[in-house]
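Everything below concerns the one structure shown next.
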Amino acid sequence: MSGQPHIVIDADLGRDTISRHIYGHFSEHLGRCIYGGFYVGDTSRIPNRRGIRNDVVTALKDLKIPNLRWPGGCFADTYHWKDGVGPKARRPTLVNTWWGGVTEDNSFGTHDFLDMCELLGAEPYLAGNVGSGTVQELTEWVQYVNFGGESTMSKWRKENGRDKPWKVRFWGVGNEAWGCGGNMKPEWYANIYRQYATFMTGWTAGGMYRIASGANSDDYHWTEVLMRDIPHHMLEGVALHHYSVINWSKKGSAAAFSEQEYFTTMQRAFRMEELVRKHSTIMDKYDPAKKVALVVDEWGGWYDTEPGTNPSFLYQQNTMRDAMIAGLTLNIFNNHCDRVRMANLAQTVNVLQAVILTEGEKMLLTPTYHVMEMYNVHQDALMLPLHVRTSDYIFGNEHLPSVSASASRDKNGATHISLVNIDAQKTQEISVELRGGKYSDVTGRILSSERLQDHNTFDSPGKVKPAVFNKATLKENTLAVKIPPFSVVVLTLR
Ligand code: AHR
């Protein structure tokens, strides 16, 4: 579409809340996410508390991360939690068969993770082992972490130093059951889910939030079978995984890419809109009251690993392209918050579209971190419906909408609008009409940079960071906003 982008926001028509859990993260035993990323051990010279890096905790608290998924991913269906509790010196080692075959010493286990979530102020989301575990093993994990009464497992927890239960609410019943979680068919998995979910219940005061292993991108049949075959009283969420990857056999460099590669990545990212809509339509058929949430518990950009790093560790740089993926995807989730009530960016530290990268004692915040920090104003705010008439970002014979947006009103009455211009070349002059609202002041922040490939490095960690934005003017409830190519802007109106 040509012409100037125009957005209409119904400032007085909000109905659904944007759950803060849409802004969740994911930490797997993969490469340097846990070991070296979050956890360095209490004898490290890197400042830490019980082995957890102080700098990482501070950065994630500033981000206001609402929940953290662990221990996988594919790793979760190989993980036996009992090996990771008790005195560290006596824990058996494990071989991480999914991610490089490295031997881990199990020094980061259940207590370490749950205590870390308390430090972060984040709710834990535990992914249970269904693929190679047993119903008993997962049931006992629930009992170990959540049971307040007297039982063998709660006694063992106390002996290991934790008196009170953690009251973990979010539980994944396996991961990618269609693939690394057991190569199951949906009908088979639906039955297995029913069995596991039955015995996981009864140990948790305040109820559980059980999340079924969901579809791979556009596998709509998977969602259909789960919604049809699992009784909804034992199902709080159905997962979905979608990565923005150019081509699984030729992903391309994370930081040295062409505009063609950028455009293709954005096409993949835009796919999230269609996926959320179609999976939601199937869910609506079986659950018109929208009781069951769509939980996008893995999303993000996936490229070739950085040259010279272990290819199994999935370590990649993070540029303004990733900022565009994050801004666009979070706008999609916000606008579909009636069904998408939880999501987890893959992954928090040193893996895939990370918000934090570390190297020894050094740490940096990526452009994706900054987008998530700017957007955290939407957490638990009332979503305001909007209509976007956008111009097109044209590349060769193909085009994509150049502008995406979402809006919300927070508990203090401030309205926040997040705008993304993915066009690699063109500035957008956007008019935003705020119907039914009364505003007298607008402020803003912007994340932009000279080149799409720009990123932060350990030598230059502040190259890409948010700045004050003053190219928005308000006149009688209409905003005129000028935003540069490949940039993210968040405006606050009072
Ligand atoms: O995030 C990396 C991997 O991607 C996860 O372990 C798996 O669930 C997915 O395929």
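Chains: A, B, ... in order of the structure tokens. Residues: from 1 per chain. Ligands: from 1, in order shown.
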Give me, as an MDAnalysis selection string, the residues of region 229-319 of chain A that a backbone DSSP run labels strand (DSSP E).
chainID A and resid 237:244 293:301
Set the cut-off to 7 Å, count only C-alpha atoms and all ligand atoms, and list whatever residues fall near ligand 1 as number ranges by chain.
A: 28, 72-75, 175-176, 298, 346-347
Please write the residues from the selection above to a file, keeping N, CA and C atoms, as a PDB file, in the first residue's frame.
```
ATOM      1  N   GLU A  28      17.937 -22.555  28.750  1.00  0.00           N
ATOM      2  CA  GLU A  28      18.151 -23.996  28.588  1.00  0.00           C
ATOM      3  C   GLU A  28      19.591 -24.353  28.947  1.00  0.00           C
ATOM      4  N   GLY A  72      14.799 -26.774  29.624  1.00  0.00           N
ATOM      5  CA  GLY A  72      14.842 -26.836  28.161  1.00  0.00           C
ATOM      6  C   GLY A  72      13.438 -26.590  27.674  1.00  0.00           C
ATOM      7  N   GLY A  73      13.249 -26.626  26.392  1.00  0.00           N
ATOM      8  CA  GLY A  73      13.996 -27.129  25.281  1.00  0.00           C
ATOM      9  C   GLY A  73      14.185 -28.654  25.247  1.00  0.00           C
ATOM     10  N   CYS A  74      14.868 -29.034  24.180  1.00  0.00           N
ATOM     11  CA  CYS A  74      15.143 -30.456  23.952  1.00  0.00           C
ATOM     12  C   CYS A  74      15.820 -31.079  25.177  1.00  0.00           C
ATOM     13  N   PHE A  75      16.633 -30.294  25.864  1.00  0.00           N
ATOM     14  CA  PHE A  75      17.343 -30.823  27.029  1.00  0.00           C
ATOM     15  C   PHE A  75      16.358 -31.336  28.089  1.00  0.00           C
ATOM     16  N   ASN A 175       8.335 -31.196  25.914  1.00  0.00           N
ATOM     17  CA  ASN A 175       8.718 -30.144  24.970  1.00  0.00           C
ATOM     18  C   ASN A 175       8.853 -30.746  23.577  1.00  0.00           C
ATOM     19  N   GLU A 176       8.292 -30.062  22.588  1.00  0.00           N
ATOM     20  CA  GLU A 176       8.392 -30.522  21.193  1.00  0.00           C
ATOM     21  C   GLU A 176       8.204 -32.031  21.114  1.00  0.00           C
ATOM     22  N   GLU A 298       8.602 -20.573  22.674  1.00  0.00           N
ATOM     23  CA  GLU A 298       9.900 -20.407  21.996  1.00  0.00           C
ATOM     24  C   GLU A 298       9.672 -19.548  20.766  1.00  0.00           C
ATOM     25  N   ALA A 346      13.578 -17.007  22.963  1.00  0.00           N
ATOM     26  CA  ALA A 346      14.669 -17.977  23.015  1.00  0.00           C
ATOM     27  C   ALA A 346      15.966 -17.300  22.537  1.00  0.00           C
ATOM     28  N   GLN A 347      16.951 -17.287  23.443  1.00  0.00           N
ATOM     29  CA  GLN A 347      16.996 -17.618  24.848  1.00  0.00           C
ATOM     30  C   GLN A 347      17.689 -16.479  25.582  1.00  0.00           C
TER      31      GLN A 347
END
```
Residues of region 5-126 of chain A in helix (DSSP H, G or I) according to DSSP, as a count of residues only?
37
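With only C-alpha atoms as the atoms that count, the residue of A:Val349, A:Leu275, A:Ala343, A:Val295 with the shortest distance to Gly24 (chain A) is A:Ala343.
Nearest to Cys33 (chain A) of all the residues A:Arg15, A:Lys251, A:Arg53, A:His221 is A:Arg53, based on only C-alpha atoms.
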